[in-house]
Amino acid sequence: MGLIKHTVLLTLAFVYGVFTIILYACISIKNGTFFTSRTEKENLELQIARDRLWDLSKDFAGLSHHIITLASGFKFHFLSNEAPGSPAALKSDKPLVIFVHGFPDSWAIWRHIVSSPSLQESANLVAIDLPGYGGSEGLEKYSATRVLEKMTELIVTLRLQYGVDDESTIRKKKTIIVAHDWGCVISMRLAAEAPSLADRFILSNGPLADLVKSNVMRTIDSARKIHKDARNAPSSSRPPLLQAVRTLKPLFRQLARSGYIFAMQLPVPLVEFFLIGGNQSLMRAVHKGSHGKAEFTPRDAAESMASSMGPSLPESKTQTSNGESYPSTVKYSREFANVMNMAGYYRDGAALSRWHKSLETVAALHHLAGGNDVQRTSSGAGLFDEGAPGVLKASSTVFWGKLDIALDPTICLDGMADYLVGDSQIVMLPRSGHFTPIEVESRAALETAVQWAVQGEKEDIGVAVQRTYEDAKVIARR
Ligand SMILES: *[C@@H]1O[C@H](CO)[C@@H](O)[C@H](O)[C@H]1NC(C)=O
């Protein structure tokens with residue numbers, strides 16, 4: 001790309017980011033949240049919620065807190081209905097289900113689903129905090145390599161600690177990964193580039209980065225072509241520029257929904273202002289929106305904020321039953337310490353940058369694949385061949401809340417079936433928005449899907465999900 005064109009694009013991106021921040025500030029001033037801080041009652045409710053979600057010594061609805069230290073020394077925080085490495089976890093024949101949250105959440109976005117007694121009865125549930133979120137250790141940079149290396153090491157370790165693999169046998173039982181938003185983006189990369197990590201991926205409302213990239217390129221190319229063709233055909237009824245712009249409509253729609261991504265790229269003080277300035281107006285709006293059309297109670301508000309904020313000073317002094325506390329990188333000095341970690345995923349290219357796998361990772365994935373990964377690559381190039389970029393090579397079930405205000409279906413879903421392998425499906429939830437783990441109907445659908453996977457996928461996913469979400473529709477199958 002020419003230097004001038006590059007500079008123009010960067011400038012436009014900067015201006016759009018700044019415009020977005022001003023726009024959001026204006027909206028929250030108009031809504032009256034910008035200049036309203038929390039009341040005493042709301043503060044109290046928040047502290048109670050933080051204690052409920054983050055006190056390491058207390059169980060949450062049948063789940064206990066755990067801090068796991070990986071061989072690399074990195075610490076993850078998670079909740080589970082079974083202690084990792086315990087005889088019960090090692091000997092159990094229950095499938096392992098790992099839940100991965102997105103922005104701006106934590107393990108607690110799954111609080112309704114993982115509380116389900118029937119799920120707890122039939123599976124080992126593990127709800128993690130991503131690096132830099134909640135009670136997990138932070139990273140210096142949130143590049144694909146750093147994030148995916150830690151995630152892979154975590155999943156390999158959890159599989160050992162919950163009896164999926166041992167020294168002599170792999171895959172003694174099923175591993176299922178359930179993910180939303182950024183967790184979905186990351187898990188889609190794992191399904192594409194490390195498919196032996198799990199037997200089933202259940203993925204909701206997060207973009208498949210390579211598909212989005214290709215849909216954007218395709219849209220621009222066809223607009224270009226239409227513009228050129230129309231210009232060469234003078235009899236055309238419509239001005240060529242207008243036709244080209246019409247073709248670009250989905251792209252503009254997605255751009256209009258993506259202003260926040262541009263805001264995330266700005267200098268740190270602006271990003272902090274955007275995310276938590278004006279009495280955390282943005283977070284409050286996101287939390288309210290995440291509950292869809294249902295009533296948004298003071299308890300919902302407090303739990304959502306506690307989920308985004310992570311542990312506070314009182315919880316930093318708590319310990320798990322085996323004496324672990326939160327990693328030292330979790331900062332309690334500010335009310336909202338992890339915003340730049342959250343922004344880091346957008347700023348450091350976690351979605352699209354290349355994952356340079358370490359030798360340990362390559363060896364671990366090869367082992368989990370039972371040596372099958374070499375034969376599977378069609379080119380015969382062997383271990384380091386990744387195949388077509390972005391294609392999910394593990395069985396995946398994609399759940400899509402159709403009313404998602406952040407993700408345009410044309411850009412994010414068109415052509416997704418080409419990115420799926422056998423035993424994969426896309427299920428549309430027509431009345432749900434982006435936050436499928438929170439909205440009452442969609443979380444029931446997700447819970448049903450997890451139950452379906454845990455019980456061995458014995459029936460059609462569409463039939464199973466329609467029992468809890470009547471008009472859920474399987475729109476693609478592989
Ligand atoms: C937060 O709200 C208070 C009023 O309760 C207001 O005085 C203050 O300026 C607001 N903070 C910001 C950063 O706008």
# chains A, B, ... in the order shown; residues from 1 in each chain; ligands from 1
>>> residues_near_ligand(ligand="ligand 1", cutoff="10 Å", atoms="only C-alpha atoms and all ligand atoms", output="compact mmCIF listing (two decimals) with all heavy atoms, in the first residue's frame")
# COMPACT_ATOMS: atom_id res chain seq x y z
N ALA A 25 -20.05 9.40 24.67
CA ALA A 25 -20.13 10.32 25.80
C ALA A 25 -21.41 11.14 25.70
O ALA A 25 -22.13 11.30 26.70
CB ALA A 25 -18.90 11.22 25.85
N ILE A 29 -24.42 11.29 28.36
CA ILE A 29 -24.81 12.56 28.98
C ILE A 29 -26.32 12.74 28.81
O ILE A 29 -27.04 13.07 29.75
CB ILE A 29 -24.03 13.76 28.37
CG1 ILE A 29 -22.57 13.69 28.81
CG2 ILE A 29 -24.67 15.09 28.79
CD1 ILE A 29 -21.65 14.66 28.09
N GLY A 32 -28.25 10.57 30.99
CA GLY A 32 -28.15 10.97 32.38
C GLY A 32 -27.22 10.10 33.22
O GLY A 32 -27.12 10.29 34.42
N THR A 33 -26.51 9.13 32.60
CA THR A 33 -25.63 8.28 33.41
C THR A 33 -24.25 8.91 33.61
O THR A 33 -23.57 8.63 34.60
CB THR A 33 -25.44 6.88 32.77
OG1 THR A 33 -24.98 7.05 31.43
CG2 THR A 33 -26.73 6.10 32.80
N PHE A 34 -23.83 9.77 32.67
CA PHE A 34 -22.46 10.29 32.67
C PHE A 34 -22.12 11.01 33.98
O PHE A 34 -21.04 10.83 34.54
CB PHE A 34 -22.27 11.24 31.48
CG PHE A 34 -20.84 11.54 31.15
CD1 PHE A 34 -20.15 10.78 30.21
CD2 PHE A 34 -20.17 12.59 31.77
CE1 PHE A 34 -18.84 11.06 29.90
CE2 PHE A 34 -18.85 12.87 31.47
CZ PHE A 34 -18.18 12.10 30.53
N PHE A 35 -23.05 11.83 34.46
CA PHE A 35 -22.78 12.62 35.67
C PHE A 35 -23.49 12.06 36.90
O PHE A 35 -23.74 12.77 37.86
CB PHE A 35 -23.17 14.08 35.45
CG PHE A 35 -22.30 14.77 34.44
CD1 PHE A 35 -22.82 15.22 33.23
CD2 PHE A 35 -20.95 14.96 34.68
CE1 PHE A 35 -22.01 15.85 32.29
CE2 PHE A 35 -20.13 15.58 33.74
CZ PHE A 35 -20.66 16.03 32.54
N THR A 36 -23.82 10.77 36.85
CA THR A 36 -24.41 10.15 38.05
C THR A 36 -23.50 9.05 38.54
O THR A 36 -23.24 8.09 37.82
CB THR A 36 -25.79 9.48 37.76
OG1 THR A 36 -26.08 9.63 36.38
CG2 THR A 36 -26.86 10.01 38.63
N SER A 37 -23.04 9.20 39.75
CA SER A 37 -22.25 8.12 40.32
C SER A 37 -23.19 7.16 41.03
O SER A 37 -24.38 7.42 41.16
CB SER A 37 -21.19 8.66 41.26
OG SER A 37 -21.77 9.52 42.19
N ARG A 38 -22.64 6.04 41.50
CA ARG A 38 -23.46 5.05 42.18
C ARG A 38 -23.99 5.61 43.51
O ARG A 38 -23.27 6.33 44.20
CB ARG A 38 -22.64 3.79 42.46
CG ARG A 38 -22.55 2.85 41.29
CD ARG A 38 -21.94 1.53 41.72
NE ARG A 38 -20.59 1.70 42.24
CZ ARG A 38 -19.50 1.72 41.49
NH1 ARG A 38 -19.59 1.57 40.19
NH2 ARG A 38 -18.31 1.89 42.03
N THR A 39 -25.19 5.22 43.86
CA THR A 39 -25.74 5.61 45.17
C THR A 39 -25.09 4.72 46.24
O THR A 39 -24.46 3.71 45.91
CB THR A 39 -27.26 5.39 45.21
OG1 THR A 39 -27.50 3.99 45.00
CG2 THR A 39 -27.96 6.19 44.11
N PHE A 273 -10.75 6.51 29.29
CA PHE A 273 -11.92 7.39 29.37
C PHE A 273 -13.12 6.73 28.68
O PHE A 273 -14.24 6.72 29.21
CB PHE A 273 -11.63 8.75 28.73
CG PHE A 273 -12.86 9.61 28.63
CD1 PHE A 273 -13.37 10.25 29.76
CD2 PHE A 273 -13.53 9.77 27.42
CE1 PHE A 273 -14.52 11.03 29.68
CE2 PHE A 273 -14.68 10.53 27.34
CZ PHE A 273 -15.18 11.17 28.46
N ILE A 276 -14.26 3.51 30.94
CA ILE A 276 -14.77 3.68 32.31
C ILE A 276 -15.02 5.13 32.71
O ILE A 276 -15.44 5.39 33.83
CB ILE A 276 -13.83 3.01 33.34
CG1 ILE A 276 -12.41 3.53 33.18
CG2 ILE A 276 -13.88 1.51 33.24
CD1 ILE A 276 -11.47 3.06 34.29
N GLY A 277 -14.77 6.07 31.78
CA GLY A 277 -15.02 7.48 32.11
C GLY A 277 -16.51 7.75 32.27
O GLY A 277 -17.34 6.91 31.95
N GLY A 278 -16.81 8.95 32.76
CA GLY A 278 -18.22 9.32 32.93
C GLY A 278 -18.96 8.32 33.80
O GLY A 278 -20.02 7.83 33.44
N ASN A 279 -18.35 8.03 34.97
CA ASN A 279 -18.98 7.10 35.92
C ASN A 279 -19.34 5.76 35.28
O ASN A 279 -20.41 5.20 35.52
CB ASN A 279 -20.22 7.76 36.55
CG ASN A 279 -19.84 8.90 37.49
OD1 ASN A 279 -19.14 8.69 38.47
ND2 ASN A 279 -20.27 10.11 37.15
N GLN A 280 -18.42 5.25 34.48
CA GLN A 280 -18.56 3.91 33.87
C GLN A 280 -19.84 3.76 33.04
O GLN A 280 -20.47 2.69 33.01
CB GLN A 280 -18.49 2.83 34.96
CG GLN A 280 -17.14 2.84 35.65
CD GLN A 280 -17.17 2.27 37.05
OE1 GLN A 280 -18.20 1.89 37.57
NE2 GLN A 280 -16.01 2.22 37.67
N SER A 281 -20.19 4.84 32.36
CA SER A 281 -21.43 4.85 31.57
C SER A 281 -21.47 3.73 30.54
O SER A 281 -22.49 3.07 30.36
CB SER A 281 -21.58 6.17 30.83
OG SER A 281 -21.90 7.19 31.72
>>> select_by_dssp(residues="segment 199-407 of chain A", states="helix (DSSP H, G or I)", output="number ranges by chain")
A: 209-232, 240-247, 249-257, 259-263, 268-290, 298-309, 313-316, 339-347, 359-368, 372-376
>>> residues_around(residues="segment 265-269 of chain A", least_positions_apart="3", cutoff="7 Å", atoms="only C-alpha atoms", output="PDB file with N, CA and C atoms, in the first residue's frame")
ATOM      1  N   PHE A  14      -8.277   6.923  13.182  1.00  0.00           N
ATOM      2  CA  PHE A  14      -8.105   7.724  14.395  1.00  0.00           C
ATOM      3  C   PHE A  14      -9.324   8.631  14.608  1.00  0.00           C
ATOM      4  N   GLY A  17     -12.315   6.695  15.644  1.00  0.00           N
ATOM      5  CA  GLY A  17     -12.202   6.311  17.053  1.00  0.00           C
ATOM      6  C   GLY A  17     -12.578   7.456  17.975  1.00  0.00           C
ATOM      7  N   ILE A 261     -14.220  -0.598  18.294  1.00  0.00           N
ATOM      8  CA  ILE A 261     -12.941  -1.253  18.006  1.00  0.00           C
ATOM      9  C   ILE A 261     -11.894  -0.196  17.626  1.00  0.00           C
ATOM     10  N   PHE A 262     -12.350   0.849  16.923  1.00  0.00           N
ATOM     11  CA  PHE A 262     -11.435   1.942  16.555  1.00  0.00           C
ATOM     12  C   PHE A 262     -11.056   2.751  17.797  1.00  0.00           C
ATOM     13  N   GLU A 272      -9.056   4.545  28.315  1.00  0.00           N
ATOM     14  CA  GLU A 272      -9.572   4.437  29.686  1.00  0.00           C
ATOM     15  C   GLU A 272     -10.810   5.311  29.862  1.00  0.00           C
ATOM     16  N   PHE A 273     -10.748   6.507  29.285  1.00  0.00           N
ATOM     17  CA  PHE A 273     -11.921   7.386  29.370  1.00  0.00           C
ATOM     18  C   PHE A 273     -13.120   6.727  28.685  1.00  0.00           C
ATOM     19  N   ARG A 347      -6.038  -4.351  20.852  1.00  0.00           N
ATOM     20  CA  ARG A 347      -4.889  -3.533  20.447  1.00  0.00           C
ATOM     21  C   ARG A 347      -3.712  -4.362  19.936  1.00  0.00           C
TER      22      ARG A 347
END
>>> residues_around(residues="segment 60-66 of chain A", least_positions_apart="6", cutoff="6 Å", atoms="only C-alpha atoms", output="list in words")
His77, Phe78, Leu79, Ser80, Asn81 and Ser115 of chain A
>>> select_by_dssp(residues="segment 88-328 of chain A", states="strand (DSSP E)", output="PyMOL selection string")
chain A and resi 96-100+124-128+175-180+200-204
>>> write_last_selection(atoms="N, CA, C and O atoms", output="CSV table (one decimal), in the first residue's frame")
chain,number,residue,atom,x,y,z
A,96,LEU,N,-15.4,-33.2,30.5
A,96,LEU,CA,-14.8,-31.9,31.0
A,96,LEU,C,-15.4,-30.8,30.1
A,96,LEU,O,-15.3,-30.9,28.8
A,97,VAL,N,-16.0,-29.8,30.7
A,97,VAL,CA,-16.6,-28.7,29.9
A,97,VAL,C,-15.9,-27.4,30.4
A,97,VAL,O,-16.0,-27.1,31.6
A,98,ILE,N,-15.2,-26.7,29.5
A,98,ILE,CA,-14.5,-25.5,29.8
A,98,ILE,C,-15.2,-24.3,29.2
A,98,ILE,O,-15.5,-24.3,28.0
A,99,PHE,N,-15.5,-23.3,30.0
A,99,PHE,CA,-16.3,-22.1,29.6
A,99,PHE,C,-15.3,-21.0,29.5
A,99,PHE,O,-14.6,-20.7,30.4
A,100,VAL,N,-15.4,-20.3,28.3
A,100,VAL,CA,-14.5,-19.1,28.1
A,100,VAL,C,-15.3,-17.9,27.7
A,100,VAL,O,-16.0,-17.8,26.7
A,124,ASN,N,-17.9,-32.3,34.6
A,124,ASN,CA,-16.9,-31.5,35.3
A,124,ASN,C,-16.9,-30.1,34.6
A,124,ASN,O,-16.4,-30.0,33.5
A,125,LEU,N,-17.4,-29.1,35.3
A,125,LEU,CA,-17.5,-27.8,34.7
A,125,LEU,C,-16.4,-26.9,35.2
A,125,LEU,O,-16.1,-26.9,36.4
A,126,VAL,N,-15.8,-26.2,34.2
A,126,VAL,CA,-14.7,-25.3,34.6
A,126,VAL,C,-14.9,-24.0,33.9
A,126,VAL,O,-14.9,-23.9,32.7
A,127,ALA,N,-15.1,-22.9,34.7
A,127,ALA,CA,-15.4,-21.6,34.1
A,127,ALA,C,-14.1,-20.7,34.4
A,127,ALA,O,-13.9,-20.4,35.5
A,128,ILE,N,-13.4,-20.3,33.3
A,128,ILE,CA,-12.1,-19.7,33.5
A,128,ILE,C,-12.2,-18.2,33.4
A,128,ILE,O,-13.1,-17.6,32.7
A,175,THR,N,-13.9,-33.8,25.9
A,175,THR,CA,-13.6,-32.4,26.3
A,175,THR,C,-14.5,-31.5,25.4
A,175,THR,O,-14.5,-31.6,24.2
A,176,ILE,N,-15.2,-30.6,26.1
A,176,ILE,CA,-16.1,-29.6,25.4
A,176,ILE,C,-15.7,-28.2,25.7
A,176,ILE,O,-15.5,-27.9,26.9
A,177,ILE,N,-15.5,-27.4,24.7
A,177,ILE,CA,-15.2,-26.0,25.0
A,177,ILE,C,-16.4,-25.1,24.6
A,177,ILE,O,-16.9,-25.2,23.5
A,178,VAL,N,-16.9,-24.3,25.6
A,178,VAL,CA,-18.0,-23.4,25.3
A,178,VAL,C,-17.6,-22.0,25.4
A,178,VAL,O,-16.9,-21.6,26.4
A,179,ALA,N,-17.8,-21.2,24.4
A,179,ALA,CA,-17.2,-19.8,24.4
A,179,ALA,C,-18.1,-18.8,23.8
A,179,ALA,O,-19.0,-19.0,23.0
A,180,HIS,N,-17.9,-17.5,24.3
A,180,HIS,CA,-18.7,-16.4,23.9
A,180,HIS,C,-17.8,-15.2,23.6
A,180,HIS,O,-16.8,-15.0,24.2
A,200,ARG,N,-15.6,-31.1,21.0
A,200,ARG,CA,-16.7,-30.3,20.6
A,200,ARG,C,-16.5,-28.9,21.0
A,200,ARG,O,-16.2,-28.6,22.2
A,201,PHE,N,-16.7,-28.0,20.1
A,201,PHE,CA,-16.7,-26.5,20.5
A,201,PHE,C,-18.1,-26.0,20.3
A,201,PHE,O,-18.7,-26.2,19.3
A,202,ILE,N,-18.6,-25.3,21.4
A,202,ILE,CA,-19.9,-24.7,21.3
A,202,ILE,C,-19.6,-23.2,21.4
A,202,ILE,O,-19.1,-22.7,22.4
A,203,LEU,N,-19.9,-22.5,20.3
A,203,LEU,CA,-19.3,-21.1,20.1
A,203,LEU,C,-20.5,-20.1,19.8
A,203,LEU,O,-21.3,-20.4,19.0
A,204,SER,N,-20.4,-19.0,20.5
A,204,SER,CA,-21.5,-18.1,20.4
A,204,SER,C,-21.1,-16.6,20.2
A,204,SER,O,-20.3,-16.1,20.9
>>> closest_residue(among="A:Gly85, A:Gly462, A:Gly134, A:Pro207", to="Leu160 of chain A", atoms="only C-alpha atoms")
A:Gly85
>>> closest_residue(among="A:Leu208, A:Met264, A:Leu23, A:Ala88", to="Met188 of chain A", atoms="only C-alpha atoms")
A:Leu208
>>> residues_around(residues="Ala108 of chain A", least_positions_apart="2", cutoff="8 Å", atoms="only C-alpha atoms", output="PDB file with N, CA and C atoms, in the first residue's frame")
ATOM      1  N   LEU A  53     -18.975 -13.187  44.035  1.00  0.00           N
ATOM      2  CA  LEU A  53     -18.313 -13.735  42.844  1.00  0.00           C
ATOM      3  C   LEU A  53     -16.826 -14.000  43.040  1.00  0.00           C
ATOM      4  N   ASP A 105     -16.221  -9.193  30.349  1.00  0.00           N
ATOM      5  CA  ASP A 105     -16.773 -10.071  31.378  1.00  0.00           C
ATOM      6  C   ASP A 105     -15.697 -10.864  32.116  1.00  0.00           C
ATOM      7  N   SER A 106     -16.075 -12.007  32.626  1.00  0.00           N
ATOM      8  CA  SER A 106     -15.175 -12.902  33.359  1.00  0.00           C
ATOM      9  C   SER A 106     -15.902 -14.229  33.437  1.00  0.00           C
ATOM     10  N   TRP A 110     -21.020 -16.782  32.883  1.00  0.00           N
ATOM     11  CA  TRP A 110     -21.621 -18.132  32.833  1.00  0.00           C
ATOM     12  C   TRP A 110     -22.360 -18.489  34.115  1.00  0.00           C
ATOM     13  N   ARG A 111     -22.496 -17.495  35.053  1.00  0.00           N
ATOM     14  CA  ARG A 111     -22.988 -17.840  36.384  1.00  0.00           C
ATOM     15  C   ARG A 111     -24.338 -18.560  36.375  1.00  0.00           C
ATOM     16  N   ALA A 127     -15.132 -22.905  34.666  1.00  0.00           N
ATOM     17  CA  ALA A 127     -15.357 -21.576  34.081  1.00  0.00           C
ATOM     18  C   ALA A 127     -14.143 -20.705  34.379  1.00  0.00           C
ATOM     19  N   SER A 307     -18.699  -8.712  37.784  1.00  0.00           N
ATOM     20  CA  SER A 307     -18.099  -9.632  36.814  1.00  0.00           C
ATOM     21  C   SER A 307     -17.040  -8.911  35.980  1.00  0.00           C
TER      22      SER A 307
END
>>> residues_around(residues="Ser168 of chain A", least_positions_apart="5", cutoff="12 Å", atoms="only C-alpha atoms", output="list in words")
Leu160, Gly163, His367, Leu368 and Gly370 of chain A
>>> write_last_selection(atoms="N, CA, C and O atoms", output="PDB file, in the first residue's frame")
ATOM      1  N   LEU A 160      -5.426 -33.096  31.940  1.00  0.00           N
ATOM      2  CA  LEU A 160      -4.733 -34.030  32.839  1.00  0.00           C
ATOM      3  C   LEU A 160      -5.383 -34.025  34.224  1.00  0.00           C
ATOM      4  O   LEU A 160      -5.607 -35.076  34.821  1.00  0.00           O
ATOM      5  N   GLY A 163      -8.724 -35.851  34.407  1.00  0.00           N
ATOM      6  CA  GLY A 163      -8.777 -37.256  34.000  1.00  0.00           C
ATOM      7  C   GLY A 163      -9.169 -37.506  32.550  1.00  0.00           C
ATOM      8  O   GLY A 163      -9.632 -38.603  32.224  1.00  0.00           O
ATOM      9  N   HIS A 367       0.647 -34.954  20.348  1.00  0.00           N
ATOM     10  CA  HIS A 367       0.349 -36.061  21.253  1.00  0.00           C
ATOM     11  C   HIS A 367      -1.165 -36.246  21.399  1.00  0.00           C
ATOM     12  O   HIS A 367      -1.678 -37.364  21.301  1.00  0.00           O
ATOM     13  N   LEU A 368      -1.891 -35.134  21.610  1.00  0.00           N
ATOM     14  CA  LEU A 368      -3.340 -35.219  21.799  1.00  0.00           C
ATOM     15  C   LEU A 368      -4.059 -35.692  20.537  1.00  0.00           C
ATOM     16  O   LEU A 368      -5.134 -36.271  20.606  1.00  0.00           O
ATOM     17  N   GLY A 370      -3.029 -37.954  18.774  1.00  0.00           N
ATOM     18  CA  GLY A 370      -2.677 -39.360  18.618  1.00  0.00           C
ATOM     19  C   GLY A 370      -1.852 -39.586  17.371  1.00  0.00           C
ATOM     20  O   GLY A 370      -1.898 -40.649  16.764  1.00  0.00           O
TER      21      GLY A 370
END
>>> residues_around(residues="Pro311 of chain A", least_positions_apart="5", cutoff="10 Å", atoms="only C-alpha atoms", output="PyMOL selection string")
chain A and resi 47+50-51+53-56+133-135+306+316-317+326+330-332+335-337
>>> atom_distance(atom1="atom CA of Leu365 of chain A", atom2="atom CA of Ala343 of chain A")
29.0 Å
>>> atom_distance(atom1="atom CA of Phe252 of chain A", atom2="atom CA of Gly2 of chain A")
23.5 Å
